[in-house]
Amino acid sequence: MKMENITPSWCYRQATRLVVERPVAGECGRPRKAYQTLTNGVADTLSCPLKEYIDKLDSYNITSSLEWYRGCDPIVDGNDRYTYLPDGKLNIGLVESTNNFYTCTLTFSLGGRIGSVSETIEAFVSRKYSMTPRVNQPANEIIKEQMGSNFYKLCRVFVPCVGKPSVDIVWLVRDEFILNTDPADRVYTSEQRKEAQKVPEEGVWLERVLTISELREEDFHINYTCRAYSARGFPESYFTLLPADPNDILPIGSVLGGVTVLFIVSVSIYYLFKVDIVLWFRSMFPILYTNTDLDGKLYDAYVAYAQPRAVGFSAEVEAFVLHTLPQVLEKACGYKLFIAGRDCMPGMAVVDSVEENIQASRRLLLLYTATTFISKRHKSSISNNNNNISKSSDSRDNSESKTSDRSSNMSFDGSEEVYPDSRQQLECLEAMHRTLLEESLKVILVEMEEITPAQLALFPESMRHLRNKQGAVCWWKNPSMKQRWRTCMRTKEDEEKGGQDTQPSASISPSSRFWKEMRYSMPVRGKRALYPEKTALLNL
């Protein structure tokens, strides 16, 4: 019993009732006991009831020590599953199933005298337990998100336990609880969910989801904490929300994708319109090309074709060479051509004429049909071709071929006797030699009619090689071929109207596809017009 009185000198008088309880016979602990619960089969902790006295002695810097007993036996720190912990606690590594009495004795020195005080704990062992929760998510991490996006984060805590744990988990931001669970709000949490687990460790998973429906600037650069409240402590973990870095992948991917598409489209357009593009570029920027007027050449192209009375001669091809080619390439496009039969000097040897004029030409136009390179003895195998030769002329030519076969024994690529006409043979020999061996002359193959694979197989090997290597400009693909080479041969209707065409033909227009390909393969023209004074002076 405690009493307080105030004296005239303002001093206090206190009175305390002392209760002395005798020890119970056969027990080493205190008669009055504290009660604590231990969990069976796991590590657990006892707390000494003298914690308040320990803190009081420490505040006065009074040396003290604490010793634990199990029943009457002293417990040695670090031996047999027992460990002394700070703040007057005793850790038991593995709790046995039986109840026991534990006594903690506090010894201290005060005023030169040694004193002690003890408290006894009756520890009840329970099969049900709940250990310290462990926060699994978040993991003290940094999360980056886009401004204005939806955000979800799970708080996931594991509680090792048997039975139902008394643990609650909450979200905190700026040390304030987020308790709202209404989805209508911008920031809210879900209800706490539980999920039992048996293996690998028995316990319960607790979950609570934090939701921010729209991230704003004030939501960044702060910590969001998940905390578990339990009788064994308040473990927590957090994450920091930061604005996401600028997404460079999307614009870079878009740029690369656009460049790739542009490249594919450009290549496709160039492939489809290469000839038109090159011709336009030549006409717009002639200054970029070498002036051909100073290369010592007299002609832009030497025209080679089967001469009259030669094997493979075609009147339509001859009309094309003598009329259509000059009309388009010379008159419309400004090129200068050498055409045998038109430009040859009278009395000049064939060998000298061919060699000198090819040497003086920048290109060689080689015009051919299906029978140009085929000897008469092969014609029976290709009698169904498009060479427009009658049966009567075939029989007449066959008789002539026998004679010519005996007069010549070798073609320009080594095959036996193909060209009975010496000029044609020399032209082909010179063209193939300069093109395939010296690479000093560019040959433009002009295919006047469609060649079948069977007909092509009878061509000289060098001709097939050159055709496969660089291709040919095909006159037979010209739409005017449907009108039987209207540009080469005039019809009776045209003659009746005074020699004038009844309608303009697209085949003689330099802008048609065939002539564009021809101009593309011909030498570059146009720079000459930029330097008329210089050209005139150099020609003096």
# chains A, B, ... in the order shown; residues from 1 in each chain; ligands from 1
$ residues_around --residues "stretch 442-452 of chain A" --least-positions-apart "6" --cutoff "10 Å" --atoms "only C-alpha atoms" --output "PyMOL selection string"
chain A and resi 301-305+316-317+320+361-371+382+385-387+431-432+434-436+463+466-467+470-478+481+485+514+518+521-523
$ closest_residue --among "A:Ser314, A:Thr225, A:Ser237, A:Thr107" --to "A:Ala139" --atoms "only C-alpha atoms"
A:Ser237
$ closest_residue --among "A:Ala15, A:Val351, A:Asn40, A:Gly115" --to "A:Ile62" --atoms "only C-alpha atoms"
A:Gly115
$ residues_around --residues "stretch 169-184 of chain A" --least-positions-apart "6" --cutoff "7 Å" --atoms "only C-alpha atoms" --output "PyMOL selection string"
chain A and resi 190-191+223-229
$ closest_residue --among "A:Ala306, A:Cys48, A:Ala25, A:Leu38" --to "A:Thr120" --atoms "only C-alpha atoms"
A:Cys48
$ atom_distance --atom1 "atom CA of A:Arg513" --atom2 "atom CA of A:Gln455"
25.5 Å
$ closest_residue --among "A:Glu145, A:Tyr520, A:Thr324, A:Tyr335" --to "A:Thr292" --atoms "only C-alpha atoms"
A:Tyr335
$ residues_around --residues "A:Cys28" --least-positions-apart "6" --cutoff "12 Å" --atoms "only C-alpha atoms" --output "ChimeraX atom specification"
/A:22,69-74,101-105,118-121
$ atom_distance --atom1 "atom CA of A:Tyr84" --atom2 "atom CA of A:Leu66"
9.1 Å
$ select_by_dssp --residues "stretch 50-288 of chain A" --states "strand (DSSP E)" --output "MDAnalysis selection string"
chainID A and resid 64:70 73:75 82:85 89:92 100:110 113:126 129:130 134:137 141:145 151:162 168:173 176:178 187:189 193:197 203:212 222:229 236:243
$ residues_around --residues "A:Ser109" --least-positions-apart "5" --cutoff "12 Å" --atoms "only C-alpha atoms" --output "list in words"
Leu57, Asp58, Tyr60, Asn61, Ile62, Thr63, Ser64, Ser65, Ile114, Gly115, Ser116 and Val117 of chain A
$ write_last_selection --atoms "C-alpha atoms" --output "mmCIF file, in the first residue's frame"
data_model
loop_
_atom_site.group_PDB
_atom_site.id
_atom_site.type_symbol
_atom_site.label_atom_id
_atom_site.label_comp_id
_atom_site.auth_asym_id
_atom_site.auth_seq_id
_atom_site.Cartn_x
_atom_site.Cartn_y
_atom_site.Cartn_z
ATOM 1 C CA LEU A 57 19.844 0.321 -14.316
ATOM 2 C CA ASP A 58 21.278 1.133 -17.737
ATOM 3 C CA TYR A 60 22.039 5.137 -14.264
ATOM 4 C CA ASN A 61 25.053 3.385 -15.788
ATOM 5 C CA ILE A 62 24.816 0.669 -13.204
ATOM 6 C CA THR A 63 26.469 -2.552 -14.235
ATOM 7 C CA SER A 64 24.154 -5.512 -14.348
ATOM 8 C CA SER A 65 24.024 -9.055 -15.706
ATOM 9 C CA ILE A 114 25.429 -6.914 -4.698
ATOM 10 C CA GLY A 115 21.744 -7.358 -5.266
ATOM 11 C CA SER A 116 19.598 -9.542 -7.455
ATOM 12 C CA VAL A 117 15.992 -9.902 -8.552
#
$ select_by_dssp --residues "stretch 187-265 of chain A" --states "alpha helix (DSSP H)" --output "PyMOL selection string"
chain A and resi 249-265
$ write_last_selection --atoms "N, CA and C atoms" --output "mmCIF file, in the first residue's frame"
data_model
loop_
_atom_site.group_PDB
_atom_site.id
_atom_site.type_symbol
_atom_site.label_atom_id
_atom_site.label_comp_id
_atom_site.auth_asym_id
_atom_site.auth_seq_id
_atom_site.Cartn_x
_atom_site.Cartn_y
_atom_site.Cartn_z
ATOM 1 N N ILE A 249 13.182 3.121 -78.657
ATOM 2 C CA ILE A 249 13.050 1.958 -79.535
ATOM 3 C C ILE A 249 11.993 2.207 -80.602
ATOM 4 N N LEU A 250 10.844 2.792 -80.174
ATOM 5 C CA LEU A 250 9.761 3.009 -81.135
ATOM 6 C C LEU A 250 10.158 3.978 -82.241
ATOM 7 N N PRO A 251 10.688 5.187 -81.903
ATOM 8 C CA PRO A 251 11.082 6.066 -83.014
ATOM 9 C C PRO A 251 12.221 5.516 -83.846
ATOM 10 N N ILE A 252 13.198 4.864 -83.192
ATOM 11 C CA ILE A 252 14.301 4.284 -83.955
ATOM 12 C C ILE A 252 13.780 3.179 -84.860
ATOM 13 N N GLY A 253 12.890 2.330 -84.285
ATOM 14 C CA GLY A 253 12.301 1.273 -85.101
ATOM 15 C C GLY A 253 11.491 1.829 -86.250
ATOM 16 N N SER A 254 10.755 2.920 -85.974
ATOM 17 C CA SER A 254 9.964 3.537 -87.046
ATOM 18 C C SER A 254 10.866 4.094 -88.142
ATOM 19 N N VAL A 255 11.966 4.756 -87.706
ATOM 20 C CA VAL A 255 12.891 5.326 -88.689
ATOM 21 C C VAL A 255 13.537 4.218 -89.521
ATOM 22 N N LEU A 256 14.015 3.156 -88.822
ATOM 23 C CA LEU A 256 14.649 2.064 -89.548
ATOM 24 C C LEU A 256 13.655 1.379 -90.476
ATOM 25 N N GLY A 257 12.419 1.176 -89.956
ATOM 26 C CA GLY A 257 11.397 0.577 -90.813
ATOM 27 C C GLY A 257 11.086 1.441 -92.011
ATOM 28 N N GLY A 258 10.972 2.766 -91.762
ATOM 29 C CA GLY A 258 10.713 3.676 -92.873
ATOM 30 C C GLY A 258 11.841 3.686 -93.887
ATOM 31 N N VAL A 259 13.091 3.681 -93.364
ATOM 32 C CA VAL A 259 14.247 3.671 -94.275
ATOM 33 C C VAL A 259 14.267 2.380 -95.089
ATOM 34 N N THR A 260 13.943 1.254 -94.405
ATOM 35 C CA THR A 260 13.924 -0.025 -95.112
ATOM 36 C C THR A 260 12.869 -0.038 -96.207
ATOM 37 N N VAL A 261 11.661 0.428 -95.839
ATOM 38 C CA VAL A 261 10.588 0.478 -96.839
ATOM 39 C C VAL A 261 10.963 1.423 -97.984
ATOM 40 N N LEU A 262 11.528 2.590 -97.606
ATOM 41 C CA LEU A 262 11.936 3.547 -98.634
ATOM 42 C C LEU A 262 13.001 2.952 -99.540
ATOM 43 N N PHE A 263 13.948 2.207 -98.934
ATOM 44 C CA PHE A 263 14.997 1.580 -99.726
ATOM 45 C C PHE A 263 14.414 0.552 -100.692
ATOM 46 N N ILE A 264 13.500 -0.288 -100.177
ATOM 47 C CA ILE A 264 12.891 -1.318 -101.025
ATOM 48 C C ILE A 264 12.090 -0.667 -102.151
ATOM 49 N N VAL A 265 11.307 0.364 -101.782
ATOM 50 C CA VAL A 265 10.518 1.052 -102.802
ATOM 51 C C VAL A 265 11.433 1.719 -103.830
#
$ atom_distance --atom1 "atom CA of A:Ser97" --atom2 "atom CA of A:Ala123"
10.7 Å
$ residues_around --residues "stretch 41-45 of chain A" --least-positions-apart "2" --cutoff "6 Å" --atoms "only C-alpha atoms" --output "JSON, numbers by chain"
{"A": [90, 91, 92, 93, 94, 95]}
$ write_last_selection --atoms "all heavy atoms" --output "PDB file, in the first residue's frame"
ATOM      1  N   LEU A  90      15.734 -14.581 -24.576  1.00  0.00           N
ATOM      2  CA  LEU A  90      16.380 -15.884 -24.691  1.00  0.00           C
ATOM      3  C   LEU A  90      15.821 -16.592 -25.913  1.00  0.00           C
ATOM      4  O   LEU A  90      14.606 -16.789 -26.036  1.00  0.00           O
ATOM      5  CB  LEU A  90      16.111 -16.738 -23.449  1.00  0.00           C
ATOM      6  CG  LEU A  90      16.669 -18.172 -23.498  1.00  0.00           C
ATOM      7  CD1 LEU A  90      18.205 -18.145 -23.498  1.00  0.00           C
ATOM      8  CD2 LEU A  90      16.138 -19.001 -22.322  1.00  0.00           C
ATOM      9  N   ASN A  91      16.721 -16.964 -26.837  1.00  0.00           N
ATOM     10  CA  ASN A  91      16.306 -17.681 -28.050  1.00  0.00           C
ATOM     11  C   ASN A  91      16.468 -19.173 -27.836  1.00  0.00           C
ATOM     12  O   ASN A  91      17.523 -19.641 -27.395  1.00  0.00           O
ATOM     13  CB  ASN A  91      17.147 -17.231 -29.248  1.00  0.00           C
ATOM     14  CG  ASN A  91      16.765 -17.988 -30.514  1.00  0.00           C
ATOM     15  OD1 ASN A  91      17.443 -18.933 -30.896  1.00  0.00           O
ATOM     16  ND2 ASN A  91      15.687 -17.576 -31.159  1.00  0.00           N
ATOM     17  N   ILE A  92      15.415 -19.913 -28.145  1.00  0.00           N
ATOM     18  CA  ILE A  92      15.430 -21.371 -28.042  1.00  0.00           C
ATOM     19  C   ILE A  92      15.427 -21.908 -29.471  1.00  0.00           C
ATOM     20  O   ILE A  92      14.473 -21.698 -30.230  1.00  0.00           O
ATOM     21  CB  ILE A  92      14.203 -21.886 -27.272  1.00  0.00           C
ATOM     22  CG1 ILE A  92      14.132 -21.212 -25.897  1.00  0.00           C
ATOM     23  CG2 ILE A  92      14.248 -23.390 -27.128  1.00  0.00           C
ATOM     24  CD1 ILE A  92      12.886 -21.544 -25.115  1.00  0.00           C
ATOM     25  N   GLY A  93      16.505 -22.593 -29.858  1.00  0.00           N
ATOM     26  CA  GLY A  93      16.652 -23.030 -31.245  1.00  0.00           C
ATOM     27  C   GLY A  93      15.573 -23.996 -31.679  1.00  0.00           C
ATOM     28  O   GLY A  93      15.098 -23.932 -32.808  1.00  0.00           O
ATOM     29  N   LEU A  94      15.137 -24.897 -30.811  1.00  0.00           N
ATOM     30  CA  LEU A  94      14.094 -25.847 -31.164  1.00  0.00           C
ATOM     31  C   LEU A  94      13.261 -26.111 -29.904  1.00  0.00           C
ATOM     32  O   LEU A  94      13.760 -26.651 -28.912  1.00  0.00           O
ATOM     33  CB  LEU A  94      14.686 -27.160 -31.677  1.00  0.00           C
ATOM     34  CG  LEU A  94      13.685 -28.229 -32.109  1.00  0.00           C
ATOM     35  CD1 LEU A  94      12.862 -27.736 -33.290  1.00  0.00           C
ATOM     36  CD2 LEU A  94      14.393 -29.535 -32.468  1.00  0.00           C
ATOM     37  N   VAL A  95      12.017 -25.706 -29.973  1.00  0.00           N
ATOM     38  CA  VAL A  95      11.131 -25.833 -28.807  1.00  0.00           C
ATOM     39  C   VAL A  95      10.614 -27.268 -28.718  1.00  0.00           C
ATOM     40  O   VAL A  95      10.115 -27.821 -29.706  1.00  0.00           O
ATOM     41  CB  VAL A  95       9.963 -24.840 -28.908  1.00  0.00           C
ATOM     42  CG1 VAL A  95       9.015 -25.026 -27.728  1.00  0.00           C
ATOM     43  CG2 VAL A  95      10.493 -23.415 -28.951  1.00  0.00           C
TER      44      VAL A  95
END
